[in-house]
>>> print(open('final_10.pdb').read())   # PDB, C-alpha atoms
ATOM      1  CA  MET A  22       0.000   0.000   0.000
ATOM      2  CA  THR A  23       1.274   1.813   1.089
ATOM      3  CA  ALA A  24       2.915   2.742  -0.370
ATOM      4  CA  ALA A  25       4.161   4.954  -2.730
ATOM      5  CA  GLU A  26       6.646   6.213  -3.752
ATOM      6  CA  ALA A  27      12.022  13.255  -4.033
ATOM      7  CA  ALA A  28      14.856  13.161  -1.593
ATOM      8  CA  PRO A  29      13.092  11.864   1.501
ATOM      9  CA  THR A  30      15.758  12.150   4.155
ATOM     10  CA  ALA A  31      18.825  13.955   2.864
ATOM     11  CA  GLU A  32      20.995  12.530   5.623
ATOM     12  CA  SER A  33      24.034  14.081   3.985
ATOM     13  CA  ALA A  34      22.813  17.632   4.615
ATOM     14  CA  THR A  35      24.862  19.576   7.123
ATOM     15  CA  THR A  36      22.110  21.844   8.402
ATOM     16  CA  ALA A  37      18.522  21.147   9.434
ATOM     17  CA  PRO A  38      15.688  22.842   7.573
ATOM     18  CA  ALA A  39      13.112  25.126   9.057
ATOM     19  CA  PRO A  40      10.982  23.464  11.775
ATOM     20  CA  ASP A  41       7.778  23.512   9.725
ATOM     21  CA  SER A  42       9.333  21.292   7.046
ATOM     22  CA  VAL A  43      11.488  18.973   9.102
ATOM     23  CA  GLY A  44      11.140  15.330   8.167
ATOM     24  CA  SER A  45       7.349  15.207   8.021
ATOM     25  CA  ALA A  46       7.288  12.574   5.280
ATOM     26  CA  PRO A  47       9.254  10.868   2.527
ATOM     27  CA  GLY A  48      10.909  13.667   0.652
ATOM     28  CA  ALA A  49      11.710  15.704   3.752
ATOM     29  CA  THR A  50      15.016  16.413   5.471
ATOM     30  CA  PRO A  51      14.981  15.190   9.082
ATOM     31  CA  PRO A  52      17.710  15.973  11.603
ATOM     32  CA  ARG A  53      20.787  13.761  11.673
ATOM     33  CA  THR A  54      19.481  11.167  14.103
ATOM     34  CA  PRO A  55      21.611   8.061  14.739
ATOM     35  CA  LEU A  56      21.365   5.442  12.010
ATOM     36  CA  VAL A  57      20.178   2.836  14.505
ATOM     37  CA  ALA A  58      17.230   5.073  15.421
ATOM     38  CA  ARG A  59      16.384   5.601  11.762
ATOM     39  CA  ALA A  60      16.560   1.861  11.097
ATOM     40  CA  ALA A  61      14.298   1.194  14.084
ATOM     41  CA  ALA A  62      11.812   3.780  12.804
ATOM     42  CA  GLU A  63      11.763   2.141   9.367
ATOM     43  CA  LEU A  64      11.363  -1.351  10.842
ATOM     44  CA  ILE A  65       8.620  -0.392  13.295
ATOM     45  CA  GLY A  66       6.856   1.898  10.839
ATOM     46  CA  THR A  67       6.748  -0.758   8.132
ATOM     47  CA  ALA A  68       5.646  -3.393  10.658
ATOM     48  CA  LEU A  69       2.780  -1.219  11.850
ATOM     49  CA  LEU A  70       1.798  -0.369   8.271
ATOM     50  CA  VAL A  71       1.540  -4.053   7.337
ATOM     51  CA  ALA A  72      -0.248  -4.848  10.597
ATOM     52  CA  ILE A  73      -2.810  -2.178   9.690
ATOM     53  CA  VAL A  74      -3.239  -3.510   6.150
ATOM     54  CA  VAL A  75      -3.499  -7.163   7.144
ATOM     55  CA  GLY A  76      -5.367  -6.653  10.404
ATOM     56  CA  SER A  77      -8.042  -4.411   8.916
ATOM     57  CA  GLY A  78      -8.476  -6.917   6.094
ATOM     58  CA  ILE A  79      -9.059  -9.735   8.560
ATOM     59  CA  GLN A  80     -11.450  -7.618  10.623
ATOM     60  CA  ALA A  81     -13.380  -6.603   7.520
ATOM     61  CA  THR A  82     -13.899 -10.178   6.361
ATOM     62  CA  GLU A  83     -15.147 -11.125   9.819
ATOM     63  CA  LEU A  84     -17.678  -8.287   9.874
ATOM     64  CA  THR A  85     -19.156  -8.534   6.369
ATOM     65  CA  LYS A  86     -19.295 -10.794   3.336
ATOM     66  CA  ASP A  87     -19.632  -7.823   0.975
ATOM     67  CA  VAL A  88     -16.306  -7.544  -0.858
ATOM     68  CA  GLY A  89     -16.894  -3.879  -1.599
ATOM     69  CA  LEU A  90     -17.343  -3.078   2.093
ATOM     70  CA  GLN A  91     -14.311  -5.203   2.917
ATOM     71  CA  LEU A  92     -12.150  -3.174   0.540
ATOM     72  CA  LEU A  93     -13.624   0.092   1.833
ATOM     73  CA  ALA A  94     -12.753  -0.826   5.414
ATOM     74  CA  ASN A  95      -9.291  -2.011   4.418
ATOM     75  CA  SER A  96      -8.483   1.093   2.366
ATOM     76  CA  THR A  97      -9.842   3.517   4.964
ATOM     77  CA  ALA A  98      -7.820   1.979   7.798
ATOM     78  CA  THR A  99      -4.694   1.921   5.644
ATOM     79  CA  ALA A 100      -5.029   5.562   4.603
ATOM     80  CA  PHE A 101      -5.555   6.825   8.138
ATOM     81  CA  GLY A 102      -2.841   4.595   9.571
ATOM     82  CA  LEU A 103      -0.273   5.534   6.933
ATOM     83  CA  GLY A 104      -0.868   9.244   7.459
ATOM     84  CA  ILE A 105      -0.327   8.890  11.207
ATOM     85  CA  LEU A 106       2.839   6.818  10.754
ATOM     86  CA  ILE A 107       4.343   9.367   8.347
ATOM     87  CA  LEU A 108       3.531  12.205  10.728
ATOM     88  CA  LEU A 109       5.024  10.361  13.693
ATOM     89  CA  LEU A 110       8.160   8.811  12.195
ATOM     90  CA  GLY A 111       8.948  11.226   9.376
ATOM     91  CA  PRO A 112      11.109  13.411  11.653
ATOM     92  CA  VAL A 113      13.255  10.371  12.503
ATOM     93  CA  SER A 114      13.834   8.471   9.258
ATOM     94  CA  GLY A 115      11.857  10.274   6.576
ATOM     95  CA  ALA A 116       9.145   7.591   6.872
ATOM     96  CA  HIS A 117      10.037   5.690   3.707
ATOM     97  CA  PHE A 118       8.593   2.295   4.743
ATOM     98  CA  ASN A 119       9.250   1.323   1.130
ATOM     99  CA  PRO A 120      12.410   0.124  -0.665
ATOM    100  CA  VAL A 121      11.343   1.843  -3.895
ATOM    101  CA  VAL A 122      11.205   5.198  -2.101
ATOM    102  CA  THR A 123      14.583   4.542  -0.483
ATOM    103  CA  LEU A 124      16.200   3.537  -3.779
ATOM    104  CA  ALA A 125      14.634   6.513  -5.555
ATOM    105  CA  GLU A 126      16.098   8.822  -2.938
ATOM    106  CA  TRP A 127      19.506   7.197  -3.322
ATOM    107  CA  TRP A 128      19.284   7.774  -7.074
ATOM    108  CA  THR A 129      18.358  11.409  -6.468
ATOM    109  CA  ALA A 130      21.394  11.806  -4.216
ATOM    110  CA  ARG A 131      23.580  10.101  -6.812
ATOM    111  CA  ARG A 132      22.402  12.659  -9.336
ATOM    112  CA  GLY A 133      23.469  15.529  -7.103
ATOM    113  CA  GLY A 134      20.414  16.019  -4.884
ATOM    114  CA  PRO A 135      20.021  15.316  -1.184
ATOM    115  CA  GLY A 136      19.342  11.726  -0.185
ATOM    116  CA  VAL A 137      20.505   8.545   1.486
ATOM    117  CA  THR A 138      23.931   6.986   1.036
ATOM    118  CA  PRO A 139      24.544   3.381  -0.113
ATOM    119  CA  ARG A 140      25.296   2.466   3.514
ATOM    120  CA  GLU A 141      21.955   3.847   4.621
ATOM    121  CA  VAL A 142      20.157   2.023   1.806
ATOM    122  CA  ALA A 143      21.803  -1.205   3.004
ATOM    123  CA  VAL A 144      20.314  -0.591   6.452
ATOM    124  CA  TYR A 145      16.914   0.792   5.498
ATOM    125  CA  VAL A 146      15.841  -1.879   3.005
ATOM    126  CA  PRO A 147      16.438  -4.954   5.232
ATOM    127  CA  ALA A 148      14.768  -3.129   8.131
ATOM    128  CA  GLN A 149      11.710  -2.482   5.963
ATOM    129  CA  ILE A 150      11.510  -6.114   4.823
ATOM    130  CA  VAL A 151      11.934  -7.542   8.336
ATOM    131  CA  GLY A 152       9.366  -5.069   9.628
ATOM    132  CA  ALA A 153       6.858  -6.031   6.944
ATOM    133  CA  ILE A 154       7.143  -9.737   7.778
ATOM    134  CA  ALA A 155       6.852  -8.998  11.500
ATOM    135  CA  GLY A 156       3.781  -6.854  10.883
ATOM    136  CA  ALA A 157       1.994  -9.633   9.000
ATOM    137  CA  ILE A 158       2.777 -12.111  11.774
ATOM    138  CA  LEU A 159       1.581  -9.631  14.417
ATOM    139  CA  ALA A 160      -1.724  -9.095  12.625
ATOM    140  CA  ASP A 161      -2.282 -12.840  12.311
ATOM    141  CA  ALA A 162      -1.513 -13.266  16.028
ATOM    142  CA  MET A 163      -4.019 -10.561  17.025
ATOM    143  CA  PHE A 164      -6.805 -12.343  15.142
ATOM    144  CA  ALA A 165      -5.833 -15.900  16.158
ATOM    145  CA  GLU A 166      -4.800 -16.787  12.618
ATOM    146  CA  PRO A 167      -1.839 -19.112  11.929
ATOM    147  CA  LEU A 168       1.240 -16.985  12.559
ATOM    148  CA  VAL A 169       2.813 -17.926   9.230
ATOM    149  CA  LYS A 170       0.725 -19.374   6.432
ATOM    150  CA  TRP A 171       1.656 -18.704   2.837
ATOM    151  CA  SER A 172      -1.034 -16.820   0.986
ATOM    152  CA  THR A 173      -2.964 -18.618  -1.729
ATOM    153  CA  HIS A 174      -4.221 -15.347  -3.266
ATOM    154  CA  ASP A 175      -2.837 -15.446  -6.795
ATOM    155  CA  ARG A 176      -2.142 -11.985  -8.228
ATOM    156  CA  SER A 177      -0.115 -12.869 -11.307
ATOM    157  CA  ALA A 178      -2.486 -11.631 -14.024
ATOM    158  CA  GLY A 179      -1.045  -9.097 -16.443
ATOM    159  CA  HIS A 180      -3.600  -6.380 -15.695
ATOM    160  CA  LEU A 181      -2.714  -6.581 -11.987
ATOM    161  CA  LEU A 182       0.972  -6.137 -12.807
ATOM    162  CA  LEU A 183       0.119  -3.077 -14.882
ATOM    163  CA  GLY A 184      -1.852  -1.749 -11.922
ATOM    164  CA  GLU A 185       1.216  -2.080  -9.700
ATOM    165  CA  ALA A 186       3.383  -0.156 -12.144
ATOM    166  CA  VAL A 187       0.801   2.645 -12.322
ATOM    167  CA  ALA A 188       0.320   2.745  -8.548
ATOM    168  CA  THR A 189       4.053   2.936  -7.839
ATOM    169  CA  ALA A 190       4.741   5.503 -10.543
ATOM    170  CA  GLY A 191       2.032   7.721  -9.098
ATOM    171  CA  LEU A 192       3.398   7.358  -5.583
ATOM    172  CA  ILE A 193       6.934   8.316  -6.606
ATOM    173  CA  LEU A 194       5.654  11.211  -8.708
ATOM    174  CA  LEU A 195       3.671  12.488  -5.726
ATOM    175  CA  ILE A 196       6.444  12.209  -3.136
ATOM    176  CA  PHE A 197       9.279  13.569  -5.205
ATOM    177  CA  GLY A 198       7.056  16.097  -6.931
ATOM    178  CA  LEU A 199       6.045  17.519  -3.555
ATOM    179  CA  ALA A 200       9.730  17.779  -2.675
ATOM    180  CA  ARG A 201      10.514  19.616  -5.912
ATOM    181  CA  ALA A 202       7.583  21.976  -5.308
ATOM    182  CA  ASN A 203       8.537  22.607  -1.661
ATOM    183  CA  ARG A 204       5.158  21.311  -0.497
ATOM    184  CA  LEU A 205       6.308  18.468   1.746
ATOM    185  CA  GLN A 206       4.360  19.787   4.715
ATOM    186  CA  TYR A 207       1.318  18.283   2.985
ATOM    187  CA  ALA A 208       2.899  14.864   2.445
ATOM    188  CA  PRO A 209       1.287  12.954   5.364
ATOM    189  CA  VAL A 210      -2.180  13.810   4.069
ATOM    190  CA  ALA A 211      -1.245  13.667   0.374
ATOM    191  CA  VAL A 212       0.505  10.282   0.470
ATOM    192  CA  ALA A 213      -2.175   8.711   2.663
ATOM    193  CA  SER A 214      -4.924  10.089   0.412
ATOM    194  CA  TYR A 215      -3.183   8.807  -2.715
ATOM    195  CA  ILE A 216      -2.823   5.287  -1.317
ATOM    196  CA  GLY A 217      -6.449   5.300  -0.191
ATOM    197  CA  ALA A 218      -7.549   6.342  -3.677
ATOM    198  CA  ALA A 219      -5.191   3.928  -5.424
ATOM    199  CA  TYR A 220      -6.797   1.016  -3.592
ATOM    200  CA  TRP A 221      -9.809   1.745  -5.768
ATOM    201  CA  PHE A 222      -8.510   3.035  -9.078
ATOM    202  CA  THR A 223      -5.793   0.408  -9.641
ATOM    203  CA  SER A 224      -6.579  -3.212 -10.440
ATOM    204  CA  SER A 225      -3.952  -4.465  -7.972
ATOM    205  CA  THR A 226      -5.297  -2.421  -5.012
ATOM    206  CA  SER A 227      -1.961  -0.589  -4.929
ATOM    207  CA  PHE A 228       0.638  -2.493  -2.971
ATOM    208  CA  ALA A 229       3.251  -0.111  -4.488
ATOM    209  CA  ASN A 230       5.870  -1.369  -2.038
ATOM    210  CA  PRO A 231       8.240  -4.371  -2.306
ATOM    211  CA  ALA A 232       8.618  -4.787   1.471
ATOM    212  CA  VAL A 233       4.861  -4.752   2.034
ATOM    213  CA  THR A 234       4.449  -7.208  -0.847
ATOM    214  CA  ILE A 235       6.881  -9.638   0.783
ATOM    215  CA  GLY A 236       5.210  -9.273   4.167
ATOM    216  CA  ARG A 237       1.753  -9.904   2.768
ATOM    217  CA  ALA A 238       2.893 -13.241   1.317
ATOM    218  CA  PHE A 239       3.157 -14.532   4.905
ATOM    219  CA  THR A 240      -0.578 -14.343   5.603
ATOM    220  CA  ASP A 241      -3.356 -16.312   3.925
ATOM    221  CA  THR A 242      -5.973 -13.654   4.581
ATOM    222  CA  PHE A 243      -7.810 -10.901   2.684
ATOM    223  CA  ALA A 244      -4.673  -8.813   2.058
ATOM    224  CA  GLY A 245      -2.369 -11.698   1.178
ATOM    225  CA  ILE A 246      -0.464 -12.368  -2.027
ATOM    226  CA  ALA A 247       0.715 -15.790  -3.163
ATOM    227  CA  PRO A 248       4.507 -16.205  -3.043
ATOM    228  CA  GLY A 249       4.485 -17.016  -6.744
ATOM    229  CA  SER A 250       3.096 -13.546  -7.480
ATOM    230  CA  VAL A 251       5.620 -11.637  -5.364
ATOM    231  CA  LEU A 252       8.477 -11.326  -7.872
ATOM    232  CA  GLY A 253       6.168 -10.077 -10.602
ATOM    233  CA  PHE A 254       4.746  -7.404  -8.312
ATOM    234  CA  ILE A 255       8.194  -6.295  -7.147
ATOM    235  CA  GLY A 256       9.482  -6.134 -10.717
ATOM    236  CA  MET A 257       6.612  -3.901 -11.780
ATOM    237  CA  GLN A 258       7.005  -1.740  -8.682
ATOM    238  CA  ILE A 259      10.611  -1.089  -9.668
ATOM    239  CA  VAL A 260       9.496  -0.259 -13.199
ATOM    240  CA  GLY A 261       6.898   2.085 -11.758
ATOM    241  CA  GLY A 262       9.528   3.750  -9.601
ATOM    242  CA  VAL A 263      11.692   4.436 -12.642
ATOM    243  CA  VAL A 264       8.721   5.824 -14.559
ATOM    244  CA  GLY A 265       7.776   7.985 -11.583
ATOM    245  CA  LEU A 266      11.245   9.530 -11.367
ATOM    246  CA  ALA A 267      11.225  10.164 -15.120
ATOM    247  CA  LEU A 268       7.890  11.964 -14.775
ATOM    248  CA  VAL A 269       9.250  14.074 -11.924
ATOM    249  CA  ALA A 270      12.230  15.091 -14.078
ATOM    250  CA  LEU A 271       9.927  15.972 -16.974
ATOM    251  CA  ILE A 272       7.168  17.789 -15.105
ATOM    252  CA  PHE A 273       9.323  19.601 -12.556
ATOM    253  CA  MET A 274      12.044  20.569 -14.994
ATOM    254  CA  PRO A 275      14.057  23.542 -13.643
ATOM    255  CA  GLY A 276      13.105  26.792 -15.302
ATOM    256  CA  ARG A 277      15.553  28.951 -17.219
ATOM    257  CA  SER A 278      16.053  32.600 -16.494
ATOM    258  CA  ALA A 279      15.169  34.998 -19.301
ATOM    259  CA  GLU A 280      18.129  36.089 -21.343
TER     260      GLU A 280
END
>>> encode(input="final_10.pdb", output="structure tokens")
Amino acid sequence: MTAAEAAPTAESATTAPAPDSVGSAPGATPPRTPLVARAAAELIGTALLVAIVVGSGIQATELTKDVGLQLLANSTATAFGLGILILLLGPVSGAHFNPVVTLAEWWTARRGGPGVTPREVAVYVPAQIVGAIAGAILADAMFAEPLVKWSTHDRSAGHLLLGEAVATAGLILLIFGLARANRLQYAPVAVASYIGAAYWFTSSTSFANPAVTIGRAFTDTFAGIAPGSVLGFIGMQIVGGVVGLALVALIFMPGRSAE
């Protein structure tokens, strides 16, 4: 889901930005907190995000048999939960919760913008994946489901893969576009709203996140994804991330002064 997508942390910066823009979301520039604290924020944030996605899906299926209402409950809980997590943990780690966002930020830094270093990528991404798995197990435990049971929900159809590419491209465009436009103070609401909407307008229900995709393979519930579908989803999420960055470069092209 969540999610989505723009130099989120800019750990290499030597000065902190103004308080009203500090680290509120992916794309922001939080203070130079210790790497272990940032890794913990990414692990816990991703775990809670997956617990929200999986747990609300289980709760929804227990309360109603209407698939539309199930998806509405699942998407609403995810949107609200993601917004809160970004607001809370953004000042610590930038609230990536998503390897595509982390890698996109590294690429931005490599191209001369602020962003994470290769060492930080090597810490963030495993923390996100471990957190996602832990979150799925936690949700299953809260609802007395088997702690680990591979999902049987096949999501390998081509139109679903296209949906993942679109969802991820939109997420990256939003996050990094907000950064380019100096509008990151709106990111908690904007990113959460986008993911909530993308649940409905994409065929895949917008995983848009490799770590979350891996975590959701560990639960055979409403939000699960069969292990055989995981690599296809991740591949299209990476493609979507590349497309999203290309759109950011095109749309937010630096202006030229009049000669």
>>> atom_distance(input="final_10.pdb", atom1="atom CA of Leu110 of chain A", atom2="atom CA of Ala188 of chain A")
23.0 Å
>>> closest_residue(input="final_10.pdb", among="A:Val169, A:Ser227, A:Gly265, A:Ser77", to="Ala155 of chain A", atoms="all atoms listed in the file")
A:Val169
>>> closest_residue(input="final_10.pdb", among="A:Ile105, A:Arg140, A:Pro112, A:Thr97", to="Leu56 of chain A", atoms="only C-alpha atoms")
A:Arg140
>>> residues_around(input="final_10.pdb", residues="segment 249-258 of chain A", least_positions_apart="5", cutoff="10 Å", atoms="all atoms listed in the file", output="PyMOL selection string")
chain A and resi 25-26+120-121+172-179+181-190+225+227-238+263-264
>>> resolve_selection(input="final_10.pdb", expression="the PyMOL selection byres ((chain A and resi 96) around 8)", output="MDAnalysis selection string")
chainID A and resid 74 92:95 97:100 216:217 220
>>> atom_distance(input="final_10.pdb", atom1="atom CA of Phe101 of chain A", atom2="atom CA of Val75 of chain A")
14.2 Å
>>> resolve_selection(input="final_10.pdb", expression="the PyMOL selection byres ((chain A and resi 67) around 10)", output="ChimeraX atom specification")
/A:23-24,61-66,68-73,103,106,116-119,148-156,232-233,236
>>> axis_aligned_box(input="final_10.pdb", around="segment 221-231 of chain A", padding_each_side="5 Å", output="lines of an AutoDock Vina configuration file")
center_x = -0.8
center_y = -0.7
center_z = -6.2
size_x = 28.0
size_y = 17.5
size_z = 18.4
>>> closest_residue(input="final_10.pdb", among="A:Phe243, A:Arg59, A:Glu166, A:Phe273", to="Val88 of chain A", atoms="all atoms listed in the file")
A:Phe243
>>> atom_distance(input="final_10.pdb", atom1="atom CA of Lys86 of chain A", atom2="atom CA of Leu159 of chain A")
23.7 Å
>>> decode(input="final_10.pdb", residues="segment 105-188 of chain A", atoms="C-alpha atoms", output="PDB file, in the first residue's frame")
ATOM      1  CA  ILE A 105      -0.327   8.890  11.207  1.00  0.00           C
ATOM      2  CA  LEU A 106       2.839   6.818  10.754  1.00  0.00           C
ATOM      3  CA  ILE A 107       4.343   9.367   8.347  1.00  0.00           C
ATOM      4  CA  LEU A 108       3.531  12.205  10.728  1.00  0.00           C
ATOM      5  CA  LEU A 109       5.024  10.361  13.693  1.00  0.00           C
ATOM      6  CA  LEU A 110       8.160   8.811  12.195  1.00  0.00           C
ATOM      7  CA  GLY A 111       8.948  11.226   9.376  1.00  0.00           C
ATOM      8  CA  PRO A 112      11.109  13.411  11.653  1.00  0.00           C
ATOM      9  CA  VAL A 113      13.255  10.371  12.503  1.00  0.00           C
ATOM     10  CA  SER A 114      13.834   8.471   9.258  1.00  0.00           C
ATOM     11  CA  GLY A 115      11.857  10.274   6.576  1.00  0.00           C
ATOM     12  CA  ALA A 116       9.145   7.591   6.872  1.00  0.00           C
ATOM     13  CA  HIS A 117      10.037   5.690   3.707  1.00  0.00           C
ATOM     14  CA  PHE A 118       8.593   2.295   4.743  1.00  0.00           C
ATOM     15  CA  ASN A 119       9.250   1.323   1.130  1.00  0.00           C
ATOM     16  CA  PRO A 120      12.410   0.124  -0.665  1.00  0.00           C
ATOM     17  CA  VAL A 121      11.343   1.843  -3.895  1.00  0.00           C
ATOM     18  CA  VAL A 122      11.205   5.198  -2.101  1.00  0.00           C
ATOM     19  CA  THR A 123      14.583   4.542  -0.483  1.00  0.00           C
ATOM     20  CA  LEU A 124      16.200   3.537  -3.779  1.00  0.00           C
ATOM     21  CA  ALA A 125      14.634   6.513  -5.555  1.00  0.00           C
ATOM     22  CA  GLU A 126      16.098   8.822  -2.938  1.00  0.00           C
ATOM     23  CA  TRP A 127      19.506   7.197  -3.322  1.00  0.00           C
ATOM     24  CA  TRP A 128      19.284   7.774  -7.074  1.00  0.00           C
ATOM     25  CA  THR A 129      18.358  11.409  -6.468  1.00  0.00           C
ATOM     26  CA  ALA A 130      21.394  11.806  -4.216  1.00  0.00           C
ATOM     27  CA  ARG A 131      23.580  10.101  -6.812  1.00  0.00           C
ATOM     28  CA  ARG A 132      22.402  12.659  -9.336  1.00  0.00           C
ATOM     29  CA  GLY A 133      23.469  15.529  -7.103  1.00  0.00           C
ATOM     30  CA  GLY A 134      20.414  16.019  -4.884  1.00  0.00           C
ATOM     31  CA  PRO A 135      20.021  15.316  -1.184  1.00  0.00           C
ATOM     32  CA  GLY A 136      19.342  11.726  -0.185  1.00  0.00           C
ATOM     33  CA  VAL A 137      20.505   8.545   1.486  1.00  0.00           C
ATOM     34  CA  THR A 138      23.931   6.986   1.036  1.00  0.00           C
ATOM     35  CA  PRO A 139      24.544   3.381  -0.113  1.00  0.00           C
ATOM     36  CA  ARG A 140      25.296   2.466   3.514  1.00  0.00           C
ATOM     37  CA  GLU A 141      21.955   3.847   4.621  1.00  0.00           C
ATOM     38  CA  VAL A 142      20.157   2.023   1.806  1.00  0.00           C
ATOM     39  CA  ALA A 143      21.803  -1.205   3.004  1.00  0.00           C
ATOM     40  CA  VAL A 144      20.314  -0.591   6.452  1.00  0.00           C
ATOM     41  CA  TYR A 145      16.914   0.792   5.498  1.00  0.00           C
ATOM     42  CA  VAL A 146      15.841  -1.879   3.005  1.00  0.00           C
ATOM     43  CA  PRO A 147      16.438  -4.954   5.232  1.00  0.00           C
ATOM     44  CA  ALA A 148      14.768  -3.129   8.131  1.00  0.00           C
ATOM     45  CA  GLN A 149      11.710  -2.482   5.963  1.00  0.00           C
ATOM     46  CA  ILE A 150      11.510  -6.114   4.823  1.00  0.00           C
ATOM     47  CA  VAL A 151      11.934  -7.542   8.336  1.00  0.00           C
ATOM     48  CA  GLY A 152       9.366  -5.069   9.628  1.00  0.00           C
ATOM     49  CA  ALA A 153       6.858  -6.031   6.944  1.00  0.00           C
ATOM     50  CA  ILE A 154       7.143  -9.737   7.778  1.00  0.00           C
ATOM     51  CA  ALA A 155       6.852  -8.998  11.500  1.00  0.00           C
ATOM     52  CA  GLY A 156       3.781  -6.854  10.883  1.00  0.00           C
ATOM     53  CA  ALA A 157       1.994  -9.633   9.000  1.00  0.00           C
ATOM     54  CA  ILE A 158       2.777 -12.111  11.774  1.00  0.00           C
ATOM     55  CA  LEU A 159       1.581  -9.631  14.417  1.00  0.00           C
ATOM     56  CA  ALA A 160      -1.724  -9.095  12.625  1.00  0.00           C
ATOM     57  CA  ASP A 161      -2.282 -12.840  12.311  1.00  0.00           C
ATOM     58  CA  ALA A 162      -1.513 -13.266  16.028  1.00  0.00           C
ATOM     59  CA  MET A 163      -4.019 -10.561  17.025  1.00  0.00           C
ATOM     60  CA  PHE A 164      -6.805 -12.343  15.142  1.00  0.00           C
ATOM     61  CA  ALA A 165      -5.833 -15.900  16.158  1.00  0.00           C
ATOM     62  CA  GLU A 166      -4.800 -16.787  12.618  1.00  0.00           C
ATOM     63  CA  PRO A 167      -1.839 -19.112  11.929  1.00  0.00           C
ATOM     64  CA  LEU A 168       1.240 -16.985  12.559  1.00  0.00           C
ATOM     65  CA  VAL A 169       2.813 -17.926   9.230  1.00  0.00           C
ATOM     66  CA  LYS A 170       0.725 -19.374   6.432  1.00  0.00           C
ATOM     67  CA  TRP A 171       1.656 -18.704   2.837  1.00  0.00           C
ATOM     68  CA  SER A 172      -1.034 -16.820   0.986  1.00  0.00           C
ATOM     69  CA  THR A 173      -2.964 -18.618  -1.729  1.00  0.00           C
ATOM     70  CA  HIS A 174      -4.221 -15.347  -3.266  1.00  0.00           C
ATOM     71  CA  ASP A 175      -2.837 -15.446  -6.795  1.00  0.00           C
ATOM     72  CA  ARG A 176      -2.142 -11.985  -8.228  1.00  0.00           C
ATOM     73  CA  SER A 177      -0.115 -12.869 -11.307  1.00  0.00           C
ATOM     74  CA  ALA A 178      -2.486 -11.631 -14.024  1.00  0.00           C
ATOM     75  CA  GLY A 179      -1.045  -9.097 -16.443  1.00  0.00           C
ATOM     76  CA  HIS A 180      -3.600  -6.380 -15.695  1.00  0.00           C
ATOM     77  CA  LEU A 181      -2.714  -6.581 -11.987  1.00  0.00           C
ATOM     78  CA  LEU A 182       0.972  -6.137 -12.807  1.00  0.00           C
ATOM     79  CA  LEU A 183       0.119  -3.077 -14.882  1.00  0.00           C
ATOM     80  CA  GLY A 184      -1.852  -1.749 -11.922  1.00  0.00           C
ATOM     81  CA  GLU A 185       1.216  -2.080  -9.700  1.00  0.00           C
ATOM     82  CA  ALA A 186       3.383  -0.156 -12.144  1.00  0.00           C
ATOM     83  CA  VAL A 187       0.801   2.645 -12.322  1.00  0.00           C
ATOM     84  CA  ALA A 188       0.320   2.745  -8.548  1.00  0.00           C
TER      85      ALA A 188
END
